[in-house]
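Single-structure report; data block below.
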Amino acid sequence: MNFSLHGRALLLALLLTSGAAFAADGAPETTPAATTSAQPVQRPGHAGIASANFLATNAGFEVLAKGGNAFDAAVAVASTLSVVEPESSGIGGGFMATLHIAKGNRNVFIDARETAPMAVNPQDYLNPDGTPNRDTALKGPLSAGIPGEPAGLALLAKRYGRLPLSVSLAPAIRIARDGFKPDPRLLASIKGEQKDLERWPASAAKFLPGGQPPVAGEVWRDPDQARTWELIAAKGDAGFYHGEVAQKLVDAVRAAGGNWTLQDLANYRAKERTPITVDYQGYRIVTAPPPSSGGVAIAEILNILRGYDLAKMDPAHRVHIIVEAMRRAFRDHNDYLGDPDFVKMPLDMLLSPFYADGLRQSILPDQATPSSMLPHGPAHDPGMHTTHFSIIDKDGNMVGITSTVNYILGSTFVAKGTGVLLNDEMDDFALVPNKPNVYGLLGSKANAPVGGKRMLSSMSPSIVIGKDRSAVIGSPGGSTIITQVLEGILHFVDGQSARQIVADKRYHHQFLPDQVYVEDGVFDAATSDALRKMGYTLKPREAWGFMNVVTWDHRTNTLDAASDPRRPSGLGKVE
Ligand code: DON
């Protein structure tokens, strides 16, 4: 294994400190392999769904009423979001899902992340002068990975659902065919991306009917997407990865300068993986393994935090400790993580409580640690695209799905005749060494683009399982997904309700750039002052993710579902 300098220094630190910390800590449990947990045991008898769009939440309930379980409802919610919230996720993108299956008390993770086409060529993401070409990385067919969403939903339905896809996809097909009134955010997204949508006739045909963005109150239809979902409903994932849709996708991509082949589509597989589990204050957190960096980072942060009594600290010191834990986890994100099918990662080290003990030793009690010991990267303040929804059904099945086409309206490239808006997930690879992606994230060779490889993600759909209460938590937000979900978990563990958790103000640190991003109002003046005195730079940031949370109180056997107030079209509902 090729440890970087700081990696070796940290390893040394953990070796020096682990013995003492082990004795002090007892035997903390963090294991990437555990898939079962002792809780919960009852059934709620009713269901809760929270998603970013009320049409999608209602589609989930429609499918539950037809006899579906949480996983069928998830298929309905995800496919409906593809139609009504295409700026965030959809049929041409990918997702990650964390599942708790009540029967057998099992936890499962589904990786429907996009892959690089076999002909991926790093030169395509460089200008002739060798500088990064941000256009090919983010717009048009070269920015698109092979979609995972259709294969992932088909797998979810087949292995864990009760209903055929023809039933669970019916709401999305109906809404795409009959039309709906786009919410203000979709209207604004189309307007904002109009220039790029105009570059490709099929994108303009879909999003700019009559040459203009749709206006408020107008019904908007997507018959091509309806037809593609119908083929998937009839043939399963073969309806997308083989036959007429596959041919149209490849023809459109190649005609516009991309390099997909039919083989790339035929080779795509959604994968089941073992989730990351970490125990914190009596709760078991089940979350996303690589190719997401989210679960590793969340586990690393919680392992560091468990050495402190956060509740006894004043707000500034509490934030200081959490930010220092974030900083250290994001450094490891940059250096080590990638697609587990392609790279060897020191997961045992990163998830080890001894490693966290070593990191904890390096945190100064009253002072920020500058990140400047390692290379810098410039900051970005992206808008929030990607979507997360949470479901708990009457039998106690739980599922959280974070789904994305990456940046706003993905690549803005629609494959003619399919209604499929392609993602721009290729930018989640470290396309150009030491150059940040759109979220300011740096990556190492572990996340270099290679044909067939999955690009690293921050998506962190998480299930928190406790004796008295459980929750499904997740959010969009690029690199801030990890810290927002972490904060959601900490607030839940502190006893907050779903409604409080989604409304809480947020903050974020990702190692580089070395600053704490803050939402307006997250800290009072005294806390901000104290943090500045410790050496922190606080940087206001407008864009914060849209959290959708469902909680289950086992003592009263009641559910609560809440959608982020930052997103008025969202709906959390219990029925
Ligand atoms: O997989 C990832 O980490 C990103 N493609 C997610 C993008 C996202 O959350 C966009 N929202 N700002």
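Residues in the structure tokens are numbered from 1 in each chain, the chains being A, B, ... in the order shown, and ligands are numbered from 1 in the order shown.
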
Using only C-alpha atoms and all ligand atoms, which residues have at least one atom no more than 9 Å from ligand 1? Output them as a PDB file with C-alpha atoms, in the first residue's frame.
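Full text of part.pdb as output:
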```
ATOM      1  CA  SER A  88     -31.975  16.814  -9.386  1.00  0.00           C
ATOM      2  CA  GLY A  94     -27.820   7.042 -10.578  1.00  0.00           C
ATOM      3  CA  PHE A  95     -28.584   6.499  -6.898  1.00  0.00           C
ATOM      4  CA  MET A  96     -27.492   4.938  -3.679  1.00  0.00           C
ATOM      5  CA  ARG A 113     -23.899   4.603  -9.290  1.00  0.00           C
ATOM      6  CA  SER A 292     -19.586   6.661  -1.671  1.00  0.00           C
ATOM      7  CA  SER A 293     -17.178   8.383   0.635  1.00  0.00           C
ATOM      8  CA  GLY A 294     -20.088   9.341   2.882  1.00  0.00           C
ATOM      9  CA  ASP A 381     -20.704  27.308  -3.912  1.00  0.00           C
ATOM     10  CA  PRO A 382     -22.920  25.050  -5.976  1.00  0.00           C
ATOM     11  CA  GLY A 383     -26.684  25.195  -6.055  1.00  0.00           C
ATOM     12  CA  MET A 384     -28.393  22.203  -4.578  1.00  0.00           C
ATOM     13  CA  HIS A 385     -29.311  19.488  -7.044  1.00  0.00           C
ATOM     14  CA  THR A 386     -29.712  15.826  -6.330  1.00  0.00           C
ATOM     15  CA  THR A 387     -32.509  14.559  -4.167  1.00  0.00           C
ATOM     16  CA  THR A 402     -30.162   9.629  -2.512  1.00  0.00           C
ATOM     17  CA  SER A 403     -30.428   9.960  -6.273  1.00  0.00           C
ATOM     18  CA  THR A 404     -28.707  12.306  -8.662  1.00  0.00           C
ATOM     19  CA  VAL A 405     -27.915  13.490 -12.159  1.00  0.00           C
ATOM     20  CA  ASN A 406     -25.132  15.481 -10.423  1.00  0.00           C
ATOM     21  CA  TYR A 407     -25.135  19.208 -11.218  1.00  0.00           C
ATOM     22  CA  ILE A 408     -28.252  21.207 -12.076  1.00  0.00           C
ATOM     23  CA  ASN A 423     -26.116  12.967 -15.869  1.00  0.00           C
ATOM     24  CA  ASP A 424     -22.792  14.840 -15.634  1.00  0.00           C
ATOM     25  CA  GLU A 425     -21.398  12.485 -13.047  1.00  0.00           C
ATOM     26  CA  MET A 426     -17.987  12.172 -14.785  1.00  0.00           C
ATOM     27  CA  ASP A 427     -17.036  15.359 -12.901  1.00  0.00           C
ATOM     28  CA  ASP A 428     -17.176  13.338  -9.676  1.00  0.00           C
ATOM     29  CA  TYR A 439     -17.823  20.820  -5.251  1.00  0.00           C
ATOM     30  CA  MET A 455     -16.851   7.743  -9.689  1.00  0.00           C
ATOM     31  CA  LEU A 456     -16.624   8.543  -5.989  1.00  0.00           C
ATOM     32  CA  SER A 457     -19.814   9.940  -4.465  1.00  0.00           C
ATOM     33  CA  SER A 458     -20.692  11.822  -1.290  1.00  0.00           C
ATOM     34  CA  MET A 459     -24.228  10.413  -1.214  1.00  0.00           C
ATOM     35  CA  SER A 460     -24.951   9.124   2.278  1.00  0.00           C
ATOM     36  CA  SER A 475     -29.798  15.045   1.834  1.00  0.00           C
ATOM     37  CA  PRO A 476     -28.427  16.336  -1.446  1.00  0.00           C
ATOM     38  CA  GLY A 477     -25.608  18.886  -1.392  1.00  0.00           C
ATOM     39  CA  GLY A 478     -22.481  17.592  -3.137  1.00  0.00           C
ATOM     40  CA  SER A 479     -19.646  17.386  -0.628  1.00  0.00           C
ATOM     41  CA  THR A 480     -21.867  18.923   2.072  1.00  0.00           C
ATOM     42  CA  ILE A 481     -24.098  15.846   1.974  1.00  0.00           C
ATOM     43  CA  ILE A 482     -21.721  14.124   4.360  1.00  0.00           C
ATOM     44  CA  ALA A 543     -26.950  26.683  -0.826  1.00  0.00           C
ATOM     45  CA  TRP A 544     -27.848  24.006   1.706  1.00  0.00           C
ATOM     46  CA  GLY A 545     -29.371  20.644   0.919  1.00  0.00           C
TER      47      GLY A 545
END
```

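Within 12 Å of Pro201 (chain A), once only C-alpha atoms are used and residues closer than 3 positions along the same chain are dropped, the contacting residues are Gly140, Gln194, Lys195, Asp196, Leu197, Glu198, Ala204, Ala205, Lys206, Phe207, Leu208, Pro209, Gly210, Gly211, Ala252, Ala255, Ala256, Thr412, Phe413, Val414, Ala415, Lys416 and Gly417 of chain A.
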
Put those residues in a file: N, CA and C atoms, as a compact mmCIF listing (two decimals), in the first residue's frame.
```txt
# COMPACT_ATOMS: atom_id res chain seq x y z
N GLY A 140 -22.96 18.18 -21.76
CA GLY A 140 -22.89 17.35 -22.95
C GLY A 140 -22.50 15.91 -22.66
N GLN A 194 -30.91 27.58 -19.73
CA GLN A 194 -31.47 27.69 -21.09
C GLN A 194 -30.40 27.65 -22.18
N LYS A 195 -29.33 28.39 -21.97
CA LYS A 195 -28.28 28.49 -23.00
C LYS A 195 -27.67 27.12 -23.31
N ASP A 196 -27.42 26.34 -22.26
CA ASP A 196 -26.85 25.01 -22.50
C ASP A 196 -27.88 24.07 -23.10
N LEU A 197 -29.13 24.17 -22.66
CA LEU A 197 -30.17 23.31 -23.23
C LEU A 197 -30.32 23.58 -24.72
N GLU A 198 -30.13 24.83 -25.12
CA GLU A 198 -30.28 25.19 -26.55
C GLU A 198 -29.17 24.59 -27.42
N ALA A 204 -33.53 20.92 -26.04
CA ALA A 204 -34.42 22.07 -26.24
C ALA A 204 -35.85 21.58 -26.43
N ALA A 205 -36.02 20.49 -27.20
CA ALA A 205 -37.38 19.99 -27.46
C ALA A 205 -38.05 19.59 -26.14
N LYS A 206 -37.26 19.01 -25.23
CA LYS A 206 -37.86 18.55 -23.97
C LYS A 206 -38.11 19.70 -23.00
N PHE A 207 -37.11 20.56 -22.84
CA PHE A 207 -37.20 21.55 -21.76
C PHE A 207 -37.66 22.94 -22.22
N LEU A 208 -37.61 23.18 -23.52
CA LEU A 208 -37.98 24.51 -24.02
C LEU A 208 -39.06 24.38 -25.07
N PRO A 209 -40.24 23.89 -24.67
CA PRO A 209 -41.30 23.69 -25.66
C PRO A 209 -41.65 25.04 -26.31
N GLY A 210 -41.68 25.08 -27.63
CA GLY A 210 -41.94 26.34 -28.33
C GLY A 210 -40.76 27.30 -28.22
N GLY A 211 -39.57 26.75 -27.83
CA GLY A 211 -38.36 27.56 -27.80
C GLY A 211 -38.16 28.34 -26.52
N ALA A 252 -27.34 8.90 -30.01
CA ALA A 252 -27.39 10.33 -29.66
C ALA A 252 -26.07 10.78 -29.04
N ALA A 255 -23.33 10.85 -31.78
CA ALA A 255 -23.54 11.93 -32.75
C ALA A 255 -23.12 13.28 -32.17
N ALA A 256 -23.17 13.39 -30.84
CA ALA A 256 -22.83 14.68 -30.20
C ALA A 256 -21.40 14.68 -29.64
N THR A 412 -27.27 18.53 -19.13
CA THR A 412 -28.23 19.27 -19.98
C THR A 412 -28.40 18.60 -21.34
N PHE A 413 -27.93 17.36 -21.47
CA PHE A 413 -28.02 16.66 -22.76
C PHE A 413 -29.10 15.58 -22.68
N VAL A 414 -30.09 15.71 -23.59
CA VAL A 414 -31.15 14.72 -23.67
C VAL A 414 -30.91 13.86 -24.92
N ALA A 415 -30.99 12.54 -24.75
CA ALA A 415 -30.81 11.65 -25.90
C ALA A 415 -32.12 11.62 -26.68
N LYS A 416 -32.03 11.98 -27.93
CA LYS A 416 -33.22 12.15 -28.78
C LYS A 416 -34.13 10.92 -28.76
N GLY A 417 -35.41 11.17 -28.61
CA GLY A 417 -36.40 10.10 -28.71
C GLY A 417 -36.54 9.25 -27.46
```

Worksheet item: By how many Å are CA of Gln367 (chain A) and CA of Pro436 (chain A) apart?
Response: 26.9 Å

Worksheet item: Could you name the residues that touch Ser462 (chain A) at 7 Å or less, counting only C-alpha atoms, but leaving out those on the same chain fewer than 6 positions away, as number ranges by chain?
Response: A: 98, 285-288, 400, 472-474

Worksheet item: Which polymer residues have any atom within 9 Å of an atom of Ala216 (chain A), counting only C-alpha atoms, with same-chain residues fewer than 5 positions away left out, as a list in words?
Response: Lys181, Pro182, Asp183, Pro184 and Leu187 of chain A

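Take the candidates A:Val432, A:Leu559, A:Leu302, A:Ala356 and check each one against Asp395 (chain A) using only C-alpha atoms; the shortest distance goes to A:Leu559.
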
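Between CA of Leu169 (chain A) and CA of Ser569 (chain A) lies a distance of 21.2 Å.
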
Discussion item. For a quick check of understanding, using only C-alpha atoms, which of A:Leu531, A:Ile401, A:Leu165, A:Val319 has the smallest distance to Lys235 (chain A)?
Written reply: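 The closest residue to Lys235 (chain A) is A:Leu165.
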
Practice prompt. Could you please determine the separation between CA of Asp124 (chain A) and CA of Pro141 (chain A) in Å, to one decimal place?
Written response: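 These two atoms are separated by 11.2 Å.
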